[in-house]
file upload37.cif (mmCIF, C-alpha atoms)
data_input
#
loop_
_atom_site.group_PDB
_atom_site.id
_atom_site.type_symbol
_atom_site.label_atom_id
_atom_site.label_comp_id
_atom_site.auth_asym_id
_atom_site.auth_seq_id
_atom_site.Cartn_x
_atom_site.Cartn_y
_atom_site.Cartn_z
ATOM 1 C CA MET A 1 -47.056 -23.526 -105.367
ATOM 2 C CA TYR A 2 -47.093 -20.900 -108.094
ATOM 3 C CA ALA A 3 -45.202 -17.922 -109.467
ATOM 4 C CA ILE A 4 -46.974 -15.136 -111.342
ATOM 5 C CA ILE A 5 -44.779 -13.116 -113.702
ATOM 6 C CA THR A 6 -46.022 -10.098 -115.629
ATOM 7 C CA GLY A 7 -44.437 -9.003 -118.864
ATOM 8 C CA ALA A 8 -43.515 -12.652 -119.287
ATOM 9 C CA SER A 9 -43.814 -13.061 -123.046
ATOM 10 C CA ASN A 10 -40.263 -11.922 -123.807
ATOM 11 C CA GLY A 11 -37.077 -10.367 -122.449
ATOM 12 C CA ILE A 12 -36.415 -10.409 -118.724
ATOM 13 C CA GLY A 13 -39.839 -11.803 -117.836
ATOM 14 C CA LYS A 14 -39.410 -14.766 -120.150
ATOM 15 C CA GLU A 15 -36.039 -15.610 -118.613
ATOM 16 C CA LEU A 16 -37.284 -15.146 -115.046
ATOM 17 C CA ALA A 17 -39.982 -17.713 -115.789
ATOM 18 C CA ARG A 18 -37.382 -20.108 -117.131
ATOM 19 C CA CYS A 19 -35.278 -19.716 -113.979
ATOM 20 C CA LEU A 20 -38.250 -20.429 -111.704
ATOM 21 C CA LEU A 21 -39.539 -23.388 -113.696
ATOM 22 C CA SER A 22 -37.492 -25.885 -111.684
ATOM 23 C CA ARG A 23 -39.051 -24.591 -108.431
ATOM 24 C CA LEU A 24 -42.682 -23.675 -109.090
ATOM 25 C CA ASP A 25 -45.659 -23.874 -111.406
ATOM 26 C CA ILE A 26 -45.630 -20.745 -113.548
ATOM 27 C CA ILE A 27 -48.397 -18.373 -114.651
ATOM 28 C CA LEU A 28 -47.181 -16.222 -117.529
ATOM 29 C CA VAL A 29 -48.907 -12.848 -117.823
ATOM 30 C CA ALA A 30 -48.707 -10.487 -120.795
ATOM 31 C CA ARG A 31 -50.823 -8.796 -123.466
ATOM 32 C CA SER A 32 -49.711 -10.859 -126.474
ATOM 33 C CA GLU A 33 -51.626 -14.137 -126.532
ATOM 34 C CA ASP A 34 -49.737 -15.507 -129.533
ATOM 35 C CA LYS A 35 -46.419 -15.163 -127.726
ATOM 36 C CA LEU A 36 -47.859 -16.567 -124.517
ATOM 37 C CA ILE A 37 -49.249 -19.659 -126.248
ATOM 38 C CA LYS A 38 -45.905 -20.347 -127.911
ATOM 39 C CA LEU A 39 -43.913 -19.827 -124.716
ATOM 40 C CA THR A 40 -46.295 -21.884 -122.587
ATOM 41 C CA LYS A 41 -45.880 -24.829 -124.931
ATOM 42 C CA GLU A 42 -42.102 -24.387 -125.008
ATOM 43 C CA TYR A 43 -41.782 -24.264 -121.228
ATOM 44 C CA ASN A 44 -44.142 -27.167 -120.591
ATOM 45 C CA ASN A 45 -42.000 -29.251 -122.938
ATOM 46 C CA LEU A 46 -38.899 -28.041 -121.105
ATOM 47 C CA SER A 47 -40.417 -29.017 -117.764
ATOM 48 C CA LYS A 48 -41.114 -32.521 -119.034
ATOM 49 C CA ARG A 49 -37.674 -32.837 -120.581
ATOM 50 C CA PHE A 50 -35.877 -32.006 -117.340
ATOM 51 C CA MET A 51 -38.511 -33.746 -115.168
ATOM 52 C CA TYR A 52 -39.322 -30.609 -113.162
ATOM 53 C CA ASN A 53 -42.944 -31.766 -112.905
ATOM 54 C CA HIS A 54 -44.149 -28.164 -112.934
ATOM 55 C CA LYS A 55 -46.880 -26.830 -115.178
ATOM 56 C CA VAL A 56 -46.904 -23.576 -117.107
ATOM 57 C CA SER A 57 -50.102 -21.697 -117.940
ATOM 58 C CA TYR A 58 -50.818 -18.190 -119.161
ATOM 59 C CA GLU A 59 -53.191 -15.282 -118.671
ATOM 60 C CA VAL A 60 -53.729 -12.447 -121.121
ATOM 61 C CA CYS A 61 -53.833 -9.256 -119.077
ATOM 62 C CA ASP A 62 -53.072 -5.583 -119.646
ATOM 63 C CA VAL A 63 -51.531 -4.519 -116.351
ATOM 64 C CA SER A 64 -51.817 -0.846 -117.291
ATOM 65 C CA ASP A 65 -55.525 -1.217 -116.430
ATOM 66 C CA ALA A 66 -56.269 -1.434 -112.693
ATOM 67 C CA LYS A 67 -59.504 -3.364 -113.352
ATOM 68 C CA GLU A 68 -57.566 -5.943 -115.330
ATOM 69 C CA CYS A 69 -55.096 -6.308 -112.451
ATOM 70 C CA ILE A 70 -57.956 -6.861 -110.004
ATOM 71 C CA ARG A 71 -59.458 -9.440 -112.371
ATOM 72 C CA LEU A 72 -56.094 -11.222 -112.516
ATOM 73 C CA TYR A 73 -55.863 -11.274 -108.739
ATOM 74 C CA ASN A 74 -59.423 -12.539 -108.263
ATOM 75 C CA LYS A 75 -58.831 -15.374 -110.717
ATOM 76 C CA TYR A 76 -55.694 -16.675 -109.008
ATOM 77 C CA LYS A 77 -56.032 -15.641 -105.361
ATOM 78 C CA GLY A 78 -57.241 -19.120 -104.459
ATOM 79 C CA LEU A 79 -53.947 -20.668 -105.542
ATOM 80 C CA ASP A 80 -50.853 -20.859 -103.376
ATOM 81 C CA ILE A 81 -48.947 -17.959 -104.937
ATOM 82 C CA GLN A 82 -45.430 -18.054 -103.523
ATOM 83 C CA VAL A 83 -43.762 -15.611 -105.915
ATOM 84 C CA LEU A 84 -45.046 -12.483 -107.630
ATOM 85 C CA ILE A 85 -42.743 -10.717 -110.082
ATOM 86 C CA ASN A 86 -43.970 -7.396 -111.426
ATOM 87 C CA ASN A 87 -41.824 -7.190 -114.528
ATOM 88 C CA ALA A 88 -44.054 -5.566 -117.161
ATOM 89 C CA GLY A 89 -42.706 -2.213 -118.249
ATOM 90 C CA SER A 90 -42.260 0.133 -121.171
ATOM 91 C CA GLY A 91 -40.728 3.496 -121.953
ATOM 92 C CA THR A 92 -40.852 6.494 -124.247
ATOM 93 C CA PHE A 93 -37.947 8.472 -125.641
ATOM 94 C CA GLY A 94 -37.608 11.993 -126.953
ATOM 95 C CA GLU A 95 -38.418 15.571 -126.072
ATOM 96 C CA PHE A 96 -41.097 15.612 -123.350
ATOM 97 C CA SER A 97 -43.099 18.210 -125.281
ATOM 98 C CA ASP A 98 -43.044 16.105 -128.455
ATOM 99 C CA ILE A 99 -43.930 12.619 -127.179
ATOM 100 C CA ASP A 100 -47.472 11.484 -127.927
ATOM 101 C CA LEU A 101 -49.523 11.821 -124.725
ATOM 102 C CA ASP A 102 -51.474 8.570 -125.124
ATOM 103 C CA LYS A 103 -48.280 6.593 -125.698
ATOM 104 C CA GLU A 104 -46.677 8.193 -122.672
ATOM 105 C CA LEU A 105 -49.688 7.580 -120.410
ATOM 106 C CA ASN A 106 -49.770 3.948 -121.480
ATOM 107 C CA SER A 107 -46.116 3.610 -120.514
ATOM 108 C CA ILE A 108 -46.642 5.311 -117.143
ATOM 109 C CA ASN A 109 -49.661 3.140 -116.384
ATOM 110 C CA THR A 110 -47.833 -0.038 -117.386
ATOM 111 C CA ASN A 111 -44.866 0.788 -115.169
ATOM 112 C CA ILE A 112 -46.854 1.887 -112.130
ATOM 113 C CA ILE A 113 -50.449 0.632 -111.923
ATOM 114 C CA GLY A 114 -49.732 -3.084 -112.240
ATOM 115 C CA VAL A 115 -46.935 -2.916 -109.668
ATOM 116 C CA HIS A 116 -49.070 -0.975 -107.201
ATOM 117 C CA VAL A 117 -52.274 -2.995 -107.483
ATOM 118 C CA LEU A 118 -50.790 -6.482 -107.697
ATOM 119 C CA THR A 119 -48.250 -5.855 -104.934
ATOM 120 C CA LYS A 120 -50.968 -4.632 -102.592
ATOM 121 C CA LEU A 121 -53.414 -7.471 -103.258
ATOM 122 C CA PHE A 122 -50.973 -10.385 -103.249
ATOM 123 C CA LEU A 123 -48.961 -8.959 -100.343
ATOM 124 C CA ARG A 124 -52.062 -9.107 -98.141
ATOM 125 C CA ASP A 125 -52.444 -12.816 -98.871
ATOM 126 C CA MET A 126 -48.750 -13.537 -98.371
ATOM 127 C CA LEU A 127 -48.764 -11.797 -94.991
ATOM 128 C CA LYS A 128 -51.721 -13.916 -93.904
ATOM 129 C CA LYS A 129 -49.790 -17.063 -94.888
ATOM 130 C CA ASN A 130 -46.556 -15.582 -93.494
ATOM 131 C CA ARG A 131 -44.500 -16.538 -96.534
ATOM 132 C CA GLY A 132 -43.810 -15.408 -100.061
ATOM 133 C CA TYR A 133 -41.654 -13.283 -102.328
ATOM 134 C CA ILE A 134 -42.484 -10.177 -104.326
ATOM 135 C CA MET A 135 -39.940 -8.735 -106.746
ATOM 136 C CA ASN A 136 -40.689 -5.452 -108.494
ATOM 137 C CA VAL A 137 -38.560 -4.765 -111.538
ATOM 138 C CA ALA A 138 -37.465 -1.138 -111.341
ATOM 139 C CA SER A 139 -34.273 0.076 -113.042
ATOM 140 C CA SER A 140 -31.009 1.777 -112.294
ATOM 141 C CA ALA A 141 -32.940 4.771 -113.669
ATOM 142 C CA GLY A 142 -35.096 4.608 -110.554
ATOM 143 C CA TYR A 143 -32.436 5.878 -108.164
ATOM 144 C CA MET A 144 -31.263 8.681 -110.464
ATOM 145 C CA PRO A 145 -32.669 12.237 -110.207
ATOM 146 C CA GLY A 146 -34.121 11.856 -113.684
ATOM 147 C CA SER A 147 -33.005 12.090 -117.282
ATOM 148 C CA PRO A 148 -33.775 14.484 -120.113
ATOM 149 C CA TYR A 149 -35.424 12.741 -123.085
ATOM 150 C CA MET A 150 -36.652 9.896 -120.839
ATOM 151 C CA ALA A 151 -38.349 12.006 -118.189
ATOM 152 C CA SER A 152 -41.468 9.922 -117.625
ATOM 153 C CA TYR A 153 -39.632 6.577 -117.695
ATOM 154 C CA TYR A 154 -37.116 7.621 -115.038
ATOM 155 C CA ALA A 155 -39.904 9.107 -112.914
ATOM 156 C CA SER A 156 -42.035 5.952 -113.159
ATOM 157 C CA LYS A 157 -39.152 3.688 -112.179
ATOM 158 C CA ALA A 158 -38.399 5.945 -109.208
ATOM 159 C CA TYR A 159 -41.992 5.300 -108.123
ATOM 160 C CA VAL A 160 -41.473 1.534 -108.346
ATOM 161 C CA LEU A 161 -38.212 1.664 -106.401
ATOM 162 C CA ASN A 162 -39.429 4.034 -103.693
ATOM 163 C CA LEU A 163 -42.733 2.219 -103.236
ATOM 164 C CA THR A 164 -40.899 -1.066 -102.790
ATOM 165 C CA ARG A 165 -38.319 0.357 -100.369
ATOM 166 C CA ALA A 166 -41.065 1.861 -98.228
ATOM 167 C CA ILE A 167 -43.175 -1.309 -98.112
ATOM 168 C CA LEU A 168 -40.334 -3.532 -96.995
ATOM 169 C CA ARG A 169 -39.697 -1.180 -94.059
ATOM 170 C CA GLU A 170 -43.234 -1.503 -92.671
ATOM 171 C CA ASP A 171 -43.698 -3.570 -89.522
ATOM 172 C CA SER A 172 -46.071 -6.072 -91.126
ATOM 173 C CA VAL A 173 -43.348 -7.048 -93.610
ATOM 174 C CA ILE A 174 -40.361 -6.717 -91.262
ATOM 175 C CA ASN A 175 -41.994 -9.084 -88.768
ATOM 176 C CA SER A 176 -42.942 -11.684 -91.372
ATOM 177 C CA ASN A 177 -41.402 -14.276 -93.642
ATOM 178 C CA VAL A 178 -42.480 -12.299 -96.692
ATOM 179 C CA TYR A 179 -39.649 -10.789 -98.733
ATOM 180 C CA VAL A 180 -40.117 -7.753 -100.959
ATOM 181 C CA SER A 181 -37.355 -6.630 -103.290
ATOM 182 C CA ALA A 182 -36.641 -4.240 -106.139
ATOM 183 C CA LEU A 183 -34.536 -5.291 -109.105
ATOM 184 C CA CYS A 184 -32.563 -2.352 -110.558
ATOM 185 C CA PRO A 185 -30.754 -3.465 -113.711
ATOM 186 C CA GLY A 186 -28.744 -1.286 -116.027
ATOM 187 C CA PRO A 187 -28.810 -1.874 -119.800
ATOM 188 C CA VAL A 188 -30.158 -5.315 -120.705
ATOM 189 C CA ASP A 189 -30.205 -6.899 -124.140
ATOM 190 C CA THR A 190 -33.987 -7.034 -124.716
ATOM 191 C CA GLY A 191 -36.483 -5.473 -127.107
ATOM 192 C CA PHE A 192 -37.046 -2.509 -124.773
ATOM 193 C CA ASN A 193 -34.906 0.001 -126.690
ATOM 194 C CA GLU A 194 -36.540 -0.831 -129.990
ATOM 195 C CA ALA A 195 -40.029 -0.438 -128.516
ATOM 196 C CA ALA A 196 -39.080 2.898 -126.947
ATOM 197 C CA GLY A 197 -37.493 4.173 -130.169
ATOM 198 C CA ILE A 198 -33.967 4.253 -128.750
ATOM 199 C CA HIS A 199 -30.895 3.655 -130.885
ATOM 200 C CA SER A 200 -28.214 2.574 -128.436
ATOM 201 C CA SER A 201 -24.944 0.708 -128.725
ATOM 202 C CA ALA A 202 -24.549 0.298 -124.961
ATOM 203 C CA LYS A 203 -23.591 -3.242 -124.021
ATOM 204 C CA GLY A 204 -25.578 -4.768 -121.192
ATOM 205 C CA TRP A 205 -26.216 -8.080 -119.500
ATOM 206 C CA THR A 206 -28.183 -10.720 -121.341
ATOM 207 C CA ALA A 207 -31.705 -11.241 -120.042
ATOM 208 C CA ARG A 208 -30.877 -14.807 -118.990
ATOM 209 C CA ARG A 209 -27.819 -13.794 -116.997
ATOM 210 C CA LEU A 210 -29.805 -11.076 -115.280
ATOM 211 C CA ALA A 211 -32.691 -13.429 -114.501
ATOM 212 C CA LYS A 212 -30.427 -16.029 -112.889
ATOM 213 C CA TYR A 213 -28.787 -13.371 -110.735
ATOM 214 C CA ALA A 214 -32.104 -11.773 -109.785
ATOM 215 C CA VAL A 215 -33.761 -15.029 -108.732
ATOM 216 C CA LYS A 216 -30.736 -16.004 -106.655
ATOM 217 C CA LYS A 217 -30.697 -12.662 -104.854
ATOM 218 C CA MET A 218 -34.475 -12.676 -104.383
ATOM 219 C CA TYR A 219 -34.332 -15.995 -102.562
ATOM 220 C CA GLU A 220 -31.400 -14.731 -100.498
ATOM 221 C CA GLY A 221 -33.646 -11.918 -99.293
ATOM 222 C CA ASP A 222 -31.821 -8.976 -100.882
ATOM 223 C CA GLU A 223 -33.922 -5.822 -100.730
ATOM 224 C CA ILE A 224 -32.336 -3.857 -103.590
ATOM 225 C CA ILE A 225 -30.870 -6.093 -106.270
ATOM 226 C CA LEU A 226 -28.066 -4.351 -108.167
ATOM 227 C CA PRO A 227 -26.639 -6.566 -110.924
ATOM 228 C CA GLY A 228 -23.062 -5.828 -111.877
ATOM 229 C CA ILE A 229 -20.193 -3.591 -110.823
ATOM 230 C CA VAL A 230 -21.272 -0.671 -113.034
ATOM 231 C CA VAL A 231 -24.778 -0.596 -111.562
ATOM 232 C CA LYS A 232 -23.408 -0.824 -108.019
ATOM 233 C CA ALA A 233 -20.913 1.968 -108.736
ATOM 234 C CA THR A 234 -23.671 4.135 -110.178
ATOM 235 C CA TYR A 235 -25.762 3.556 -107.056
ATOM 236 C CA VAL A 236 -22.875 4.708 -104.855
ATOM 237 C CA GLY A 237 -22.057 7.626 -107.146
ATOM 238 C CA ARG A 238 -25.666 8.778 -106.980
ATOM 239 C CA LYS A 239 -25.143 9.559 -103.297
ATOM 240 C CA ILE A 240 -22.017 11.612 -103.938
ATOM 241 C CA ILE A 241 -22.502 13.450 -107.234
ATOM 242 C CA PRO A 242 -24.837 16.513 -107.207
ATOM 243 C CA ASP A 243 -28.197 16.062 -108.927
ATOM 244 C CA GLY A 244 -27.516 18.872 -111.380
ATOM 245 C CA LEU A 245 -24.373 17.202 -112.651
ATOM 246 C CA LEU A 246 -26.082 13.800 -112.879
ATOM 247 C CA LEU A 247 -28.908 15.311 -114.919
ATOM 248 C CA LYS A 248 -26.380 16.931 -117.246
ATOM 249 C CA ILE A 249 -24.483 13.650 -117.691
ATOM 250 C CA ALA A 250 -27.718 11.735 -118.298
ATOM 251 C CA GLY A 251 -28.872 14.301 -120.820
ATOM 252 C CA ARG A 252 -25.622 14.090 -122.768
ATOM 253 C CA TRP A 253 -25.868 10.298 -122.762
ATOM 254 C CA GLN A 254 -29.444 10.348 -124.053
ATOM 255 C CA GLU A 255 -28.589 12.905 -126.735
ATOM 256 C CA LYS A 256 -26.227 10.365 -128.276
ATOM 257 C CA LYS A 257 -29.220 8.079 -128.824
ATOM 258 C CA LEU A 258 -31.330 10.664 -130.640
#
call {"tool": "encode", "arguments": {"input": "upload37.cif", "output": "structure tokens"}}
result
Amino acid sequence: MYAIITGASNGIGKELARCLLSRLDIILVARSEDKLIKLTKEYNNLSKRFMYNHKVSYEVCDVSDAKECIRLYNKYKGLDIQVLINNAGSGTFGEFSDIDLDKELNSINTNIIGVHVLTKLFLRDMLKKNRGYIMNVASSAGYMPGSPYMASYYASKAYVLNLTRAILREDSVINSNVYVSALCPGPVDTGFNEAAGIHSSAKGWTARRLAKYAVKKMYEGDEIILPGIVVKATYVGRKIIPDGLLLKIAGRWQEKKL
């Protein structure tokens, strides 16, 4: 049995793969072949060391391209895919009117297209087998009304969260042994901020701690995975505090990062 993890070359995806290595064979998916080669070797050695007897392989794929996602699916659909984790994501930061359009579209496509296409294709197979897990990595940003200076990122993560919540309420999923979940972390110590051009001193969970928690909750069948008291409190507060005030608070917070 296999797990496919996108955005697996570093950060959360890398740690999710490590957490699943004791359970399944792993297919690491990302755009950077150099990183994938290095990590595949590292994790295969780790599997041997701890006698997991699971193999790690990799696939270079740009999940911002729907055709690439379909190619990925067609290559691995014949395997027994038990877990799909749509983790690949990116963001942009700054005034909406100033951000380079191509960079922003790439971020939107990365956050949305891969999740949509791969969830649809692999979900069909899992429903036929009547077993499997899909975890889409959204963000605590996904359940907020939005945020100035990160408008497209917040909007794209809302898409991921709302798509996932809707799917898991459909009869075909409710009446099956297939579990679909959305992971909504707050700040995590990864390379995301640097890539997005954000200068932040906010302390967050380590990627490894988050991955361990997420995998545990995924297998327990949690629908919305909220790691930590702050994230849970924010989720509750979202239902109480008016959108206008939340947008103002978010804007002030983002301004500190400019």
call {"tool": "residues_around", "arguments": {"input": "upload37.cif", "residues": "Leu28 (chain A)", "least_positions_apart": "4", "cutoff": "12 Å", "atoms": "all atoms listed in the file", "output": "ChimeraX atom specification"}}
result
/A:2-10,13-18,20-21,32-33,35-41,43-44,55-61,72,84-88
call {"tool": "resolve_selection", "arguments": {"input": "upload37.cif", "expression": "the PyMOL selection byres ((chain A and resi 215) around 10)", "output": "list in words"}}
result
Leu16, Ala17, Cys19, Leu20, Met135, Leu183, Leu210, Ala211, Lys212, Tyr213, Ala214, Lys216, Lys217, Met218, Tyr219, Glu220, Gly221 and Ile225 of chain A
call {"tool": "atom_distance", "arguments": {"input": "upload37.cif", "atom1": "CA of Ser97 (chain A)", "atom2": "CA of Asp65 (chain A)"}}
result
24.7 Å
call {"tool": "axis_aligned_box", "arguments": {"input": "upload37.cif", "around": "region 168-184 of chain A", "padding_each_side": "3 Å", "output": "lines of an AutoDock Vina configuration file"}}
result
center_x = -39.3
center_y = -7.7
center_z = -99.7
size_x = 19.5
size_y = 19.1
size_z = 27.8
call {"tool": "closest_residue", "arguments": {"input": "upload37.cif", "among": "A:Leu226, A:Val160, A:Met150, A:Ala155", "to": "Gly186 (chain A)", "atoms": "only C-alpha atoms"}}
result
A:Leu226
call {"tool": "closest_residue", "arguments": {"input": "upload37.cif", "among": "A:Lys129, A:Ile27, A:Lys256, A:Val173", "to": "Lys75 (chain A)", "atoms": "all atoms listed in the file"}}
result
A:Ile27
call {"tool": "resolve_selection", "arguments": {"input": "upload37.cif", "expression": "the PyMOL selection byres ((chain A and resi 91) around 7)", "output": "PyMOL selection string"}}
result
chain A and resi 90+92-93+107+153+196
call {"tool": "atom_distance", "arguments": {"input": "upload37.cif", "atom1": "CA of Val29 (chain A)", "atom2": "CA of Asn109 (chain A)"}}
result
16.1 Å
call {"tool": "closest_residue", "arguments": {"input": "upload37.cif", "among": "A:Ser181, A:Ser140, A:Ser172, A:Ser147", "to": "Ile249 (chain A)", "atoms": "only C-alpha atoms"}}
result
A:Ser147
call {"tool": "resolve_selection", "arguments": {"input": "upload37.cif", "expression": "the PyMOL selection byres ((chain A and resi 130) around 7)", "output": "ChimeraX atom specification"}}
result
/A:126-129,131,176-178
call {"tool": "atom_distance", "arguments": {"input": "upload37.cif", "atom1": "CA of Cys69 (chain A)", "atom2": "CA of Asn111 (chain A)"}}
result
12.7 Å
call {"tool": "closest_residue", "arguments": {"input": "upload37.cif", "among": "A:Val230, A:Asp80, A:Ala158, A:Asp34", "to": "Pro145 (chain A)", "atoms": "all atoms listed in the file"}}
result
A:Ala158
call {"tool": "closest_residue", "arguments": {"input": "upload37.cif", "among": "A:Lys67, A:Ser22, A:Lys77, A:Val180", "to": "Leu46 (chain A)", "atoms": "all atoms listed in the file"}}
result
A:Ser22
call {"tool": "closest_residue", "arguments": {"input": "upload37.cif", "among": "A:Glu95, A:Asp102, A:Glu170, A:Asp62", "to": "Gly114 (chain A)", "atoms": "all atoms listed in the file"}}
result
A:Asp62
call {"tool": "residues_around", "arguments": {"input": "upload37.cif", "residues": "Lys157 (chain A)", "least_positions_apart": "6", "cutoff": "7 Å", "atoms": "only C-alpha atoms", "output": "list in words"}}
result
Ala138, Ser139, Ala141 and Gly142 of chain A
